[in-house]
Amino acid sequence: MLPAVPLRKDPDHKSEQLSQVLFGETLIIKDEYKNWYRIIADFDNYAGWLEKRSVQELTAATEKKIIVNKPIIEIEQGGNRFFIPAGSEISKPDSDNAFNINSKTFKIKSHYEADIKQSLAETGLAFMNSPYLWGGRTALGIDCSGLTQTVYKIHGHTIPRDAIQQANTGKEINSLSNAVEGDLLFFYSDTKNISHAGIYLGNNTIIHASISVHIDKIDEKGIFSSDLNKYTHYLSKITRMI
C-alpha cells in the first residue's frame, strides 16, 4: 500500500492529476483500460484513473476506521518504514499502536493520539508552509480545496473535493463580519467563477494554499497579499459547513 497515489483525468502518466487517493481510502472500480482502473472514491465520490498496481483488494472486513489527524505519521510493516499523510484511513490502533489491513499488521512509530483535540483552524495551521500542488491532498503537496477538504475530514466531516463544489455546500454567510473561525471562504481571480478556497482564522485572516500554505489578511473585497502589496483573490462567497 502506498501513502498517496495520483488520481488522473485519463489513463496516462502524463494526464492531469485531478486529486489523490490516500492510504487506506476505499474505492469502487468502474472500468479498466490496460494497466489502469477508472474508479470512484468512496470518501468524496471523486472519479478518475488509478494505476492497477496501486490498488489492493480488501480480503477481510475492516474495523471502524479513524482518520489520521497529524500532517504525517510514520508507520512500519514487515520491517519497512514509511510515512502516511493526514486524511489516511486506518483501523483504531490497539494498545501496541498497531492496526491491521487484510493479513498485514502495521505499527505506528510516531507519537499519535486518535482523538482530535484541536479546532479546525489549529488543524489548518499544522499544514503551514506545505508546498502548493495541483490535485494534492498531503502536507508534501496540496492545493486550496485539498487543504479545506482534508482539514474537515480530520474533524469527521465530508465535503466535496473542488472549490466550486464546496462553495455550493453548507450555509451561506452574508458578510465577513459574521464569519467565524473555521468558515470556508471562496474567491475568484480573473473571472467571476470560483477558483480558490481557504479557511477563516478570525481577526480578518485566512489560511490558504497558494504557492504554499500560508496566512494572509482578508477583507470584504478579498485576500490582500502583503508580499505583493495587492489583492490576489476576490471574495465571492462564505459558507459554514458545521
# chains A, B, ... in the order shown; residues from 1 in each chain; ligands from 1

$ residues_around --residues "stretch 86-99 of chain A" --least-positions-apart "6" --cutoff "7 Å" --atoms "only C-alpha atoms" --output "PDB file with C-alpha atoms, in the first residue's frame"
ATOM      1  CA  LEU A  22      -4.691   8.371   0.318  1.00  0.00           C
ATOM      2  CA  PHE A  23      -3.541   5.362   2.311  1.00  0.00           C
ATOM      3  CA  GLY A  24      -6.495   3.229   3.432  1.00  0.00           C
ATOM      4  CA  GLU A  25      -9.151   5.047   1.414  1.00  0.00           C
ATOM      5  CA  GLU A  63     -12.989  -2.452  11.631  1.00  0.00           C
ATOM      6  CA  LYS A  64     -14.421   1.008  12.069  1.00  0.00           C
ATOM      7  CA  LYS A  65     -11.894   3.435  10.674  1.00  0.00           C
ATOM      8  CA  ILE A  66     -10.338   6.539  12.142  1.00  0.00           C
ATOM      9  CA  ILE A  67      -8.754   9.399  10.224  1.00  0.00           C
ATOM     10  CA  VAL A  68      -5.056  10.166  10.617  1.00  0.00           C
ATOM     11  CA  ASN A  69      -5.034  13.639  12.148  1.00  0.00           C
ATOM     12  CA  LYS A  70      -1.345  14.579  12.024  1.00  0.00           C
ATOM     13  CA  PRO A  71       0.127  16.016   8.788  1.00  0.00           C
ATOM     14  CA  ILE A  72       2.413  12.970   8.505  1.00  0.00           C
ATOM     15  CA  THR A 105      -0.034  -5.628  10.644  1.00  0.00           C
ATOM     16  CA  PHE A 106       1.081  -2.004  10.653  1.00  0.00           C
ATOM     17  CA  LYS A 107       2.588  -0.308  13.683  1.00  0.00           C
ATOM     18  CA  ILE A 108       2.540   3.429  14.250  1.00  0.00           C
ATOM     19  CA  THR A 138      -0.983  15.970   1.580  1.00  0.00           C
ATOM     20  CA  THR A 150      -8.506  17.420   4.397  1.00  0.00           C
ATOM     21  CA  LYS A 153     -12.047  15.241   7.006  1.00  0.00           C
ATOM     22  CA  ILE A 154      -9.705  15.158  10.022  1.00  0.00           C
TER      23      ILE A 154
END

$ residues_around --residues "A:Asp216" --least-positions-apart "6" --cutoff "7 Å" --atoms "only C-alpha atoms" --output "list in words"
Thr205, Ile206, Ile207, Ile223, Phe224 and Ser225 of chain A

$ write_last_selection --atoms "N, CA and C atoms" --output "PDB file, in the first residue's frame"
ATOM      1  N   THR A 205      -8.170  37.233   9.027  1.00  0.00           N
ATOM      2  CA  THR A 205      -7.055  36.465   8.470  1.00  0.00           C
ATOM      3  C   THR A 205      -7.578  35.153   7.900  1.00  0.00           C
ATOM      4  N   ILE A 206      -6.851  34.626   6.928  1.00  0.00           N
ATOM      5  CA  ILE A 206      -7.221  33.384   6.253  1.00  0.00           C
ATOM      6  C   ILE A 206      -5.977  32.534   6.069  1.00  0.00           C
ATOM      7  N   ILE A 207      -6.136  31.217   6.177  1.00  0.00           N
ATOM      8  CA  ILE A 207      -5.073  30.293   5.801  1.00  0.00           C
ATOM      9  C   ILE A 207      -5.510  29.617   4.514  1.00  0.00           C
ATOM     10  N   ILE A 223      -8.539  38.752  -0.611  1.00  0.00           N
ATOM     11  CA  ILE A 223      -7.251  38.467   0.032  1.00  0.00           C
ATOM     12  C   ILE A 223      -6.234  39.502  -0.404  1.00  0.00           C
ATOM     13  N   PHE A 224      -5.612  40.128   0.599  1.00  0.00           N
ATOM     14  CA  PHE A 224      -4.577  41.110   0.296  1.00  0.00           C
ATOM     15  C   PHE A 224      -3.225  40.516   0.665  1.00  0.00           C
ATOM     16  N   SER A 225      -2.347  40.408  -0.328  1.00  0.00           N
ATOM     17  CA  SER A 225      -1.012  39.859  -0.107  1.00  0.00           C
ATOM     18  C   SER A 225      -0.058  40.964   0.305  1.00  0.00           C
TER      19      SER A 225
END

$ residues_around --residues "stretch 40-48 of chain A" --least-positions-apart "6" --cutoff "6 Å" --atoms "only C-alpha atoms" --output "PyMOL selection string"
chain A and resi 7-9+26-28+160

$ write_last_selection --atoms "C-alpha atoms" --output "PDB file, in the first residue's frame"
ATOM      1  CA  LEU A   7      -5.895  10.207  -9.487  1.00  0.00           C
ATOM      2  CA  ARG A   8      -5.614  11.192 -13.141  1.00  0.00           C
ATOM      3  CA  LYS A   9      -8.045  12.587 -15.688  1.00  0.00           C
ATOM      4  CA  THR A  26     -11.534   2.699  -0.356  1.00  0.00           C
ATOM      5  CA  LEU A  27     -12.933   2.935  -3.855  1.00  0.00           C
ATOM      6  CA  ILE A  28     -15.195   1.329  -6.410  1.00  0.00           C
ATOM      7  CA  PRO A 160     -16.658  17.832  -1.814  1.00  0.00           C
TER       8      PRO A 160
END

$ atom_distance --atom1 "atom CA of A:Lys192" --atom2 "atom CA of A:Ser236"
8.0 Å

$ select_by_dssp --residues "stretch 93-180 of chain A" --states "strand (DSSP E or B)" --output "list in words"
Ala98, Phe99, Asn100, Ile101, Lys104, Thr105, Phe106, Lys107, Ile108, Pro131, Tyr132, Arg137, Thr138, Gly141, Ile142, Lys171, Glu172 and Ile173 of chain A

$ write_last_selection --atoms "C-alpha atoms" --output "tab-separated table (two decimals), in the first residue's frame"
chain	number	residue	atom	x	y	z
A	98	ALA	CA	-0.83	-1.43	15.78
A	99	PHE	CA	-3.62	-1.94	13.26
A	100	ASN	CA	-4.37	-4.49	10.54
A	101	ILE	CA	-5.28	-4.29	6.86
A	104	LYS	CA	-0.81	-7.29	7.31
A	105	THR	CA	-0.03	-5.63	10.64
A	106	PHE	CA	1.08	-2.00	10.65
A	107	LYS	CA	2.59	-0.31	13.68
A	108	ILE	CA	2.54	3.43	14.25
A	131	PRO	CA	4.01	23.48	-0.99
A	132	TYR	CA	1.18	24.01	-3.46
A	137	ARG	CA	-4.06	16.38	-0.64
A	138	THR	CA	-0.98	15.97	1.58
A	141	GLY	CA	1.93	19.00	-1.76
A	142	ILE	CA	-1.62	20.31	-1.50
A	171	LYS	CA	-24.95	27.50	4.94
A	172	GLU	CA	-24.10	30.75	3.22
A	173	ILE	CA	-22.88	33.61	5.46

$ atom_distance --atom1 "atom CA of A:His157" --atom2 "atom CA of A:Asn178"
21.9 Å

$ select_by_dssp --residues "stretch 114-228 of chain A" --states "alpha helix (DSSP H)" --output "list in words"
Leu120, Ala121, Glu122, Thr123, Gly124, Leu125, Cys144, Ser145, Gly146, Leu147, Thr148, Gln149, Thr150, Val151, Tyr152, Lys153, Ile154, Ala163, Ile164, Gln165, Gln166 and Ala167 of chain A

$ write_last_selection --atoms "N, CA and C atoms" --output "short mmCIF file (atom, residue, chain, number, x, y, z; two decimals), in the first residue's frame"
data_model
loop_
_atom_site.label_atom_id
_atom_site.label_comp_id
_atom_site.auth_asym_id
_atom_site.auth_seq_id
_atom_site.Cartn_x
_atom_site.Cartn_y
_atom_site.Cartn_z
N LEU A 120 -10.64 23.49 14.04
CA LEU A 120 -10.39 23.46 12.60
C LEU A 120 -9.23 24.37 12.22
N ALA A 121 -9.21 25.55 12.80
CA ALA A 121 -8.14 26.50 12.49
C ALA A 121 -6.78 25.95 12.91
N GLU A 122 -6.71 25.35 14.09
CA GLU A 122 -5.44 24.79 14.56
C GLU A 122 -4.98 23.64 13.66
N THR A 123 -5.93 22.85 13.19
CA THR A 123 -5.57 21.78 12.25
C THR A 123 -5.03 22.36 10.96
N GLY A 124 -5.65 23.41 10.46
CA GLY A 124 -5.15 24.07 9.26
C GLY A 124 -3.74 24.60 9.43
N LEU A 125 -3.46 25.16 10.60
CA LEU A 125 -2.14 25.72 10.87
C LEU A 125 -1.04 24.66 10.85
N CYS A 144 -5.66 24.27 -2.89
CA CYS A 144 -6.50 25.05 -1.97
C CYS A 144 -7.68 24.23 -1.44
N SER A 145 -8.39 23.54 -2.33
CA SER A 145 -9.54 22.77 -1.88
C SER A 145 -9.12 21.44 -1.25
N GLY A 146 -7.91 20.98 -1.59
CA GLY A 146 -7.37 19.82 -0.90
C GLY A 146 -7.12 20.12 0.57
N LEU A 147 -6.66 21.33 0.85
CA LEU A 147 -6.43 21.76 2.23
C LEU A 147 -7.75 21.83 2.99
N THR A 148 -8.74 22.50 2.43
CA THR A 148 -10.02 22.65 3.14
C THR A 148 -10.68 21.29 3.34
N GLN A 149 -10.65 20.45 2.31
CA GLN A 149 -11.28 19.13 2.42
C GLN A 149 -10.59 18.26 3.47
N THR A 150 -9.26 18.26 3.47
CA THR A 150 -8.51 17.42 4.40
C THR A 150 -8.70 17.87 5.83
N VAL A 151 -8.68 19.17 6.07
CA VAL A 151 -8.89 19.69 7.43
C VAL A 151 -10.26 19.26 7.94
N TYR A 152 -11.27 19.38 7.11
CA TYR A 152 -12.61 18.97 7.53
C TYR A 152 -12.71 17.46 7.71
N LYS A 153 -12.02 16.70 6.85
CA LYS A 153 -12.05 15.24 7.01
C LYS A 153 -11.45 14.83 8.35
N ILE A 154 -10.34 15.46 8.74
CA ILE A 154 -9.70 15.16 10.02
C ILE A 154 -10.70 15.33 11.17
N ALA A 163 -13.26 23.38 -5.17
CA ALA A 163 -13.72 24.63 -4.55
C ALA A 163 -15.14 24.98 -4.98
N ILE A 164 -15.44 24.87 -6.25
CA ILE A 164 -16.77 25.24 -6.73
C ILE A 164 -17.84 24.33 -6.12
N GLN A 165 -17.50 23.05 -5.91
CA GLN A 165 -18.45 22.12 -5.28
C GLN A 165 -18.61 22.46 -3.80
N GLN A 166 -17.51 22.77 -3.14
CA GLN A 166 -17.57 23.12 -1.73
C GLN A 166 -18.39 24.39 -1.50
N ALA A 167 -18.27 25.33 -2.43
CA ALA A 167 -18.98 26.60 -2.29
C ALA A 167 -20.50 26.42 -2.32
#

$ closest_residue --among "A:His155, A:Val180, A:Asp143, A:Asn174" --to "A:Ile211" --atoms "only C-alpha atoms"
A:Asp143

$ atom_distance --atom1 "atom CA of A:Asn102" --atom2 "atom CA of A:Tyr33"
26.3 Å

$ residues_around --residues "A:Trp49" --least-positions-apart "5" --cutoff "12 Å" --atoms "only C-alpha atoms" --output "JSON, numbers by chain"
{"A": [5, 6, 7, 8, 9, 10, 11, 12, 13, 14, 15, 16, 17, 18, 19, 20, 21, 27, 28, 29, 30, 31, 32, 33, 34, 35, 36, 37, 38, 39, 40, 41, 54, 55]}

$ closest_residue --among "A:Ile199, A:Ala209, A:Gly170, A:Ile215" --to "A:Met241" --atoms "only C-alpha atoms"
A:Gly170

$ closest_residue --among "A:Ser212, A:Asn204, A:Thr158, A:Ser177" --to "A:Ile242" --atoms "only C-alpha atoms"
A:Thr158
